[in-house]
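**Student:** Next up, structure.pdb (PDB, C-alpha atoms).
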```
ATOM      1  CA  MET A   1     -40.309  22.078 -28.283
ATOM      2  CA  PRO A   2     -42.330  24.484 -26.079
ATOM      3  CA  ASP A   3     -45.254  26.264 -27.724
ATOM      4  CA  SER A   4     -44.994  29.467 -25.755
ATOM      5  CA  ILE A   5     -42.786  31.554 -23.533
ATOM      6  CA  SER A   6     -44.739  30.482 -20.408
ATOM      7  CA  GLU A   7     -44.028  26.801 -21.128
ATOM      8  CA  GLU A   8     -40.365  27.687 -21.572
ATOM      9  CA  ALA A   9     -40.385  29.547 -18.239
ATOM     10  CA  SER A  10     -42.036  26.556 -16.554
ATOM     11  CA  LEU A  11     -39.434  24.165 -17.943
ATOM     12  CA  PHE A  12     -36.680  26.541 -16.804
ATOM     13  CA  ALA A  13     -38.193  26.696 -13.308
ATOM     14  CA  ILE A  14     -38.370  22.889 -13.108
ATOM     15  CA  PHE A  15     -34.787  22.559 -14.337
ATOM     16  CA  HIS A  16     -33.617  25.227 -11.868
ATOM     17  CA  ARG A  17     -35.346  23.472  -8.953
ATOM     18  CA  LEU A  18     -33.936  20.057  -9.983
ATOM     19  CA  ALA A  19     -30.437  21.525 -10.272
ATOM     20  CA  GLY A  20     -30.820  23.021  -6.789
ATOM     21  CA  ILE A  21     -31.874  19.682  -5.339
ATOM     22  CA  LEU A  22     -28.964  17.862  -7.001
ATOM     23  CA  LEU A  23     -26.485  20.501  -5.845
ATOM     24  CA  SER A  24     -27.812  20.277  -2.283
ATOM     25  CA  ALA A  25     -27.490  16.483  -2.321
ATOM     26  CA  PHE A  26     -23.939  16.761  -3.635
ATOM     27  CA  LEU A  27     -22.949  19.301  -0.980
ATOM     28  CA  ILE A  28     -24.478  17.246   1.833
ATOM     29  CA  THR A  29     -22.647  14.130   0.601
ATOM     30  CA  GLY A  30     -19.423  16.111   0.267
ATOM     31  CA  LEU A  31     -19.764  17.474   3.794
ATOM     32  CA  THR A  32     -20.351  13.980   5.143
ATOM     33  CA  VAL A  33     -17.188  12.699   3.465
ATOM     34  CA  THR A  34     -15.226  15.677   4.801
ATOM     35  CA  ALA A  35     -16.592  15.188   8.310
ATOM     36  CA  SER A  36     -15.583  11.523   8.405
ATOM     37  CA  ALA A  37     -12.152  12.391   7.009
ATOM     38  CA  GLN A  38     -11.694  14.841   9.882
ATOM     39  CA  ALA A  39     -12.728  12.248  12.459
ATOM     40  CA  VAL A  40      -9.121  11.077  12.960
ATOM     41  CA  TYR A  41      -7.978  11.626  16.535
ATOM     42  CA  GLU A  42      -5.479  10.431  19.124
ATOM     43  CA  PRO A  43      -7.103   8.111  21.671
ATOM     44  CA  ALA A  44      -6.488   9.642  25.083
ATOM     45  CA  ARG A  45      -4.184   8.049  27.646
ATOM     46  CA  GLY A  46      -6.007   5.687  29.950
ATOM     47  CA  THR A  47      -8.872   4.996  27.527
ATOM     48  CA  ALA A  48      -9.992   1.495  26.677
ATOM     49  CA  GLU A  49      -9.464   2.177  22.969
ATOM     50  CA  ARG A  50      -5.811   3.116  23.470
ATOM     51  CA  SER A  51      -5.172   0.010  25.605
ATOM     52  CA  GLU A  52      -6.954  -2.264  23.133
ATOM     53  CA  ILE A  53      -4.875  -0.935  20.226
ATOM     54  CA  LEU A  54      -1.610  -1.454  22.132
ATOM     55  CA  ASN A  55      -2.712  -4.903  23.287
ATOM     56  CA  ALA A  56      -3.430  -5.880  19.679
ATOM     57  CA  VAL A  57       0.165  -5.043  18.692
ATOM     58  CA  ARG A  58       1.825  -6.589  21.763
ATOM     59  CA  PRO A  59       1.568 -10.349  20.848
ATOM     60  CA  MET A  60       3.195  -9.789  17.446
ATOM     61  CA  LEU A  61       6.105  -7.925  18.979
ATOM     62  CA  GLU A  62       6.524 -10.189  22.004
ATOM     63  CA  ALA A  63       6.683 -13.206  19.666
ATOM     64  CA  ARG A  64       9.702 -11.576  18.004
ATOM     65  CA  VAL A  65      11.552  -9.932  20.904
ATOM     66  CA  GLY A  66      10.273 -11.936  23.869
ATOM     67  CA  PRO A  67       7.969 -10.813  26.655
ATOM     68  CA  PRO A  68       7.300  -8.613  28.445
ATOM     69  CA  VAL A  69       7.069  -5.452  26.334
ATOM     70  CA  GLU A  70       5.870  -1.958  27.213
ATOM     71  CA  PHE A  71       5.300   0.786  24.670
ATOM     72  CA  VAL A  72       6.170   4.433  24.494
ATOM     73  CA  VAL A  73       3.632   5.861  22.071
ATOM     74  CA  ASN A  74       5.267   8.170  19.525
ATOM     75  CA  TRP A  75       2.189   8.466  17.294
ATOM     76  CA  MET A  76      -1.303   7.055  17.578
ATOM     77  CA  ARG A  77      -4.254   8.003  15.441
ATOM     78  CA  SER A  78      -7.626   6.338  15.110
ATOM     79  CA  GLY A  79     -10.625   7.008  12.915
ATOM     80  CA  SER A  80     -13.214   5.367  10.691
ATOM     81  CA  GLY A  81     -12.378   1.940  12.110
ATOM     82  CA  TRP A  82      -8.632   2.249  11.426
ATOM     83  CA  ALA A  83      -5.665   2.950  13.698
ATOM     84  CA  PHE A  84      -2.008   3.637  12.931
ATOM     85  CA  VAL A  85       0.681   3.644  15.609
ATOM     86  CA  VAL A  86       4.378   4.334  15.889
ATOM     87  CA  LEU A  87       5.732   2.762  19.063
ATOM     88  CA  SER A  88       9.049   2.523  20.853
ATOM     89  CA  PRO A  89       8.990  -0.834  22.607
ATOM     90  CA  GLN A  90      10.923  -1.337  25.828
ATOM     91  CA  ARG A  91      11.169  -3.681  28.757
ATOM     92  CA  PRO A  92       9.146  -2.804  31.870
ATOM     93  CA  GLY A  93      10.645   0.170  33.650
ATOM     94  CA  GLY A  94      12.282   1.507  30.481
ATOM     95  CA  GLY A  95      14.879  -1.190  29.810
ATOM     96  CA  ALA A  96      16.222  -1.329  26.255
ATOM     97  CA  ILE A  97      15.468  -4.276  24.000
ATOM     98  CA  ASP A  98      18.664  -5.764  22.568
ATOM     99  CA  LEU A  99      17.659  -6.699  19.024
ATOM    100  CA  PHE A 100      20.735  -8.951  18.741
ATOM    101  CA  GLN A 101      19.117 -11.198  21.395
ATOM    102  CA  THR A 102      15.797 -11.498  19.528
ATOM    103  CA  ALA A 103      14.357 -13.015  16.358
ATOM    104  CA  PHE A 104      15.837  -9.955  14.606
ATOM    105  CA  SER A 105      19.419 -10.889  15.498
ATOM    106  CA  GLU A 106      20.523 -11.370  11.882
ATOM    107  CA  GLN A 107      18.905  -8.123  10.685
ATOM    108  CA  ALA A 108      19.521  -5.953  13.755
ATOM    109  CA  GLU A 109      22.496  -4.094  12.312
ATOM    110  CA  TYR A 110      20.393  -3.019   9.317
ATOM    111  CA  MET A 111      17.360  -1.940  11.330
ATOM    112  CA  ASP A 112      16.544   1.494  12.648
ATOM    113  CA  GLY A 113      16.123   0.251  16.211
ATOM    114  CA  ALA A 114      12.993  -1.468  17.459
ATOM    115  CA  THR A 115      10.588   1.312  16.528
ATOM    116  CA  THR A 116       7.389  -0.431  15.519
ATOM    117  CA  PHE A 117       4.829   0.834  13.014
ATOM    118  CA  ALA A 118       1.444  -0.882  12.911
ATOM    119  CA  LEU A 119      -1.803  -0.534  10.992
ATOM    120  CA  LEU A 120      -4.906  -1.933  12.679
ATOM    121  CA  ARG A 121      -8.555  -2.351  11.726
ATOM    122  CA  PHE A 122     -11.486  -2.578  14.120
ATOM    123  CA  GLN A 123     -13.510  -5.587  12.970
ATOM    124  CA  TYR A 124     -15.383  -8.396  14.707
ATOM    125  CA  ASP A 125     -15.559  -6.320  17.909
ATOM    126  CA  ARG A 126     -11.784  -6.044  18.326
ATOM    127  CA  TRP A 127      -8.652  -4.404  16.933
ATOM    128  CA  ASN A 128      -6.856  -6.596  14.403
ATOM    129  CA  LEU A 129      -3.286  -6.152  13.204
ATOM    130  CA  ILE A 130      -3.325  -5.621   9.418
ATOM    131  CA  ASP A 131       0.250  -4.558   8.661
ATOM    132  CA  PHE A 132       3.412  -3.801  10.624
ATOM    133  CA  ALA A 133       7.118  -3.123  10.375
ATOM    134  CA  VAL A 134       9.749  -3.232  13.079
ATOM    135  CA  GLY A 135      12.777  -0.995  12.625
ATOM    136  CA  PRO A 136      12.118   0.096   9.042
ATOM    137  CA  THR A 137      14.593   2.499   7.487
ATOM    138  CA  ASP A 138      12.014   4.145   5.243
ATOM    139  CA  ALA A 139       8.306   4.976   5.076
ATOM    140  CA  PHE A 140       7.285   1.502   3.905
ATOM    141  CA  TRP A 141       3.636   2.505   3.480
ATOM    142  CA  HIS A 142       4.284   5.033   0.682
ATOM    143  CA  GLY A 143       3.035   3.622  -2.589
ATOM    144  CA  ASP A 144       0.973   0.886  -0.947
ATOM    145  CA  PRO A 145      -2.592   1.138  -2.320
ATOM    146  CA  LEU A 146      -4.103   0.091   1.021
ATOM    147  CA  TYR A 147      -2.561   3.089   2.786
ATOM    148  CA  ALA A 148      -3.793   5.416   0.042
ATOM    149  CA  ARG A 149      -7.377   4.469   1.001
ATOM    150  CA  LEU A 150      -7.032   5.332   4.696
ATOM    151  CA  PRO A 151      -8.613   8.415   6.234
ATOM    152  CA  PRO A 152      -6.450  11.534   5.810
ATOM    153  CA  GLY A 153      -4.340  12.267   8.867
ATOM    154  CA  LEU A 154      -4.214   8.661  10.072
ATOM    155  CA  VAL A 155      -0.658   7.979   8.876
ATOM    156  CA  ARG A 156       2.281  10.266   9.503
TER     157      ARG A 156
END
```
Kindly return the structure encoded in the file as structure tokens.
**Tutor:**
Amino acid sequence: MPDSISEEASLFAIFHRLAGILLSAFLITGLTVTASAQAVYEPARGTAERSEILNAVRPMLEARVGPPVEFVVNWMRSGSGWAFVVLSPQRPGGGAIDLFQTAFSEQAEYMDGATTFALLRFQYDRWNLIDFAVGPTDAFWHGDPLYARLPPGLVR
């Protein structure tokens, strides 16, 4: 217990300074987290990143519907090493893909077209397909703990 009022004032000053330092550290950390959360963006047309993301999805889809496949990008966001895309696949020149003539032939009538949703992660110097759905009839990612950990704004 302090012996005098001056010792009490000194302890208060030390506590006040320590609290200020801790608050500053907390605010700086909080701003860093907020800044990285806001770093989600749409890769511009013609950029290498956009092409690399689409090219990472293409083999999975071509294995199921047959090559060649082009994409109309409905939604593409990237940030913090993650990317999420919603794509409308088509044949070159805009030709429709007949799901009844693909690996989806038995499910085609229950699918919502060939719209493709894909989650990718940039690791090992390339984009890697982590999760996907072709023609889902609902937002399959809701409730999945992996998607809850993604940067805000990445997923529709």
**Student:** Can you translate the PyMOL selection byres ((chain A and resi 61) around 12) into the concrete residues it hits in this file, as a ChimeraX atom specification?
**Tutor:** /A:54-60,62-71,87-91,97,99,102-104,114-118,129,132-135
**Student:** Return the single residue from A:Leu119, A:Glu52, A:Gly79, A:Val72 that is closest to Leu146 (chain A), with distances computed using only C-alpha atoms.
**Tutor:**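 So, comparing all the options, the nearest one is A:Leu119.
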**Student:** Can you turn the PyMOL selection byres ((chain A and resi 84) around 9) into a concrete residue list for this file, as a count of residues only?
**Tutor:** 16
**Student:** Between A:Gln107, A:Asp138, A:Ala39, A:Ala96, single out the one closest to Pro152 (chain A), counting all atoms listed in the file.
**Tutor:**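 Of A:Gln107, A:Asp138, A:Ala39, A:Ala96, the one nearest Pro152 (chain A), counting all atoms listed in the file, is A:Ala39.
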**Student:** Please enumerate the residues selected by the PyMOL selection byres ((chain A and resi 43) around 10) when evaluated against the supplied file, formatted as a PyMOL selection string.
**Tutor:** chain A and resi 40-42+44-51+53+76-79+83
**Student:** Restricting the output to C-alpha atoms, write the selected residues as a short mmCIF file (atom, residue, chain, number, x, y, z; two decimals), in the frame of the given file.
**Tutor:**
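Below you can see selection15.cif, which holds the result:
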```cif
data_model
loop_
_atom_site.label_atom_id
_atom_site.label_comp_id
_atom_site.auth_asym_id
_atom_site.auth_seq_id
_atom_site.Cartn_x
_atom_site.Cartn_y
_atom_site.Cartn_z
CA VAL A 40 -9.12 11.08 12.96
CA TYR A 41 -7.98 11.63 16.54
CA GLU A 42 -5.48 10.43 19.12
CA ALA A 44 -6.49 9.64 25.08
CA ARG A 45 -4.18 8.05 27.65
CA GLY A 46 -6.01 5.69 29.95
CA THR A 47 -8.87 5.00 27.53
CA ALA A 48 -9.99 1.50 26.68
CA GLU A 49 -9.46 2.18 22.97
CA ARG A 50 -5.81 3.12 23.47
CA SER A 51 -5.17 0.01 25.60
CA ILE A 53 -4.88 -0.94 20.23
CA MET A 76 -1.30 7.06 17.58
CA ARG A 77 -4.25 8.00 15.44
CA SER A 78 -7.63 6.34 15.11
CA GLY A 79 -10.62 7.01 12.92
CA ALA A 83 -5.66 2.95 13.70
#
```
**Student:** If I take CA of Gly81 (chain A) and CA of Asp131 (chain A), how far is one from the other in Å, to one decimal?
**Tutor:** 14.6 Å
**Student:** What's the separation between CA of Asn74 (chain A) and CA of Gln123 (chain A), in Å to one decimal place?
**Tutor:**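 Result for CA of Asn74 (chain A) versus CA of Gln123 (chain A): 24.2 Å, one decimal.
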**Student:** In Å, with one decimal, what is the gap from CA of Ser80 (chain A) to CA of Gly143 (chain A)?
**Tutor:** 21.1 Å
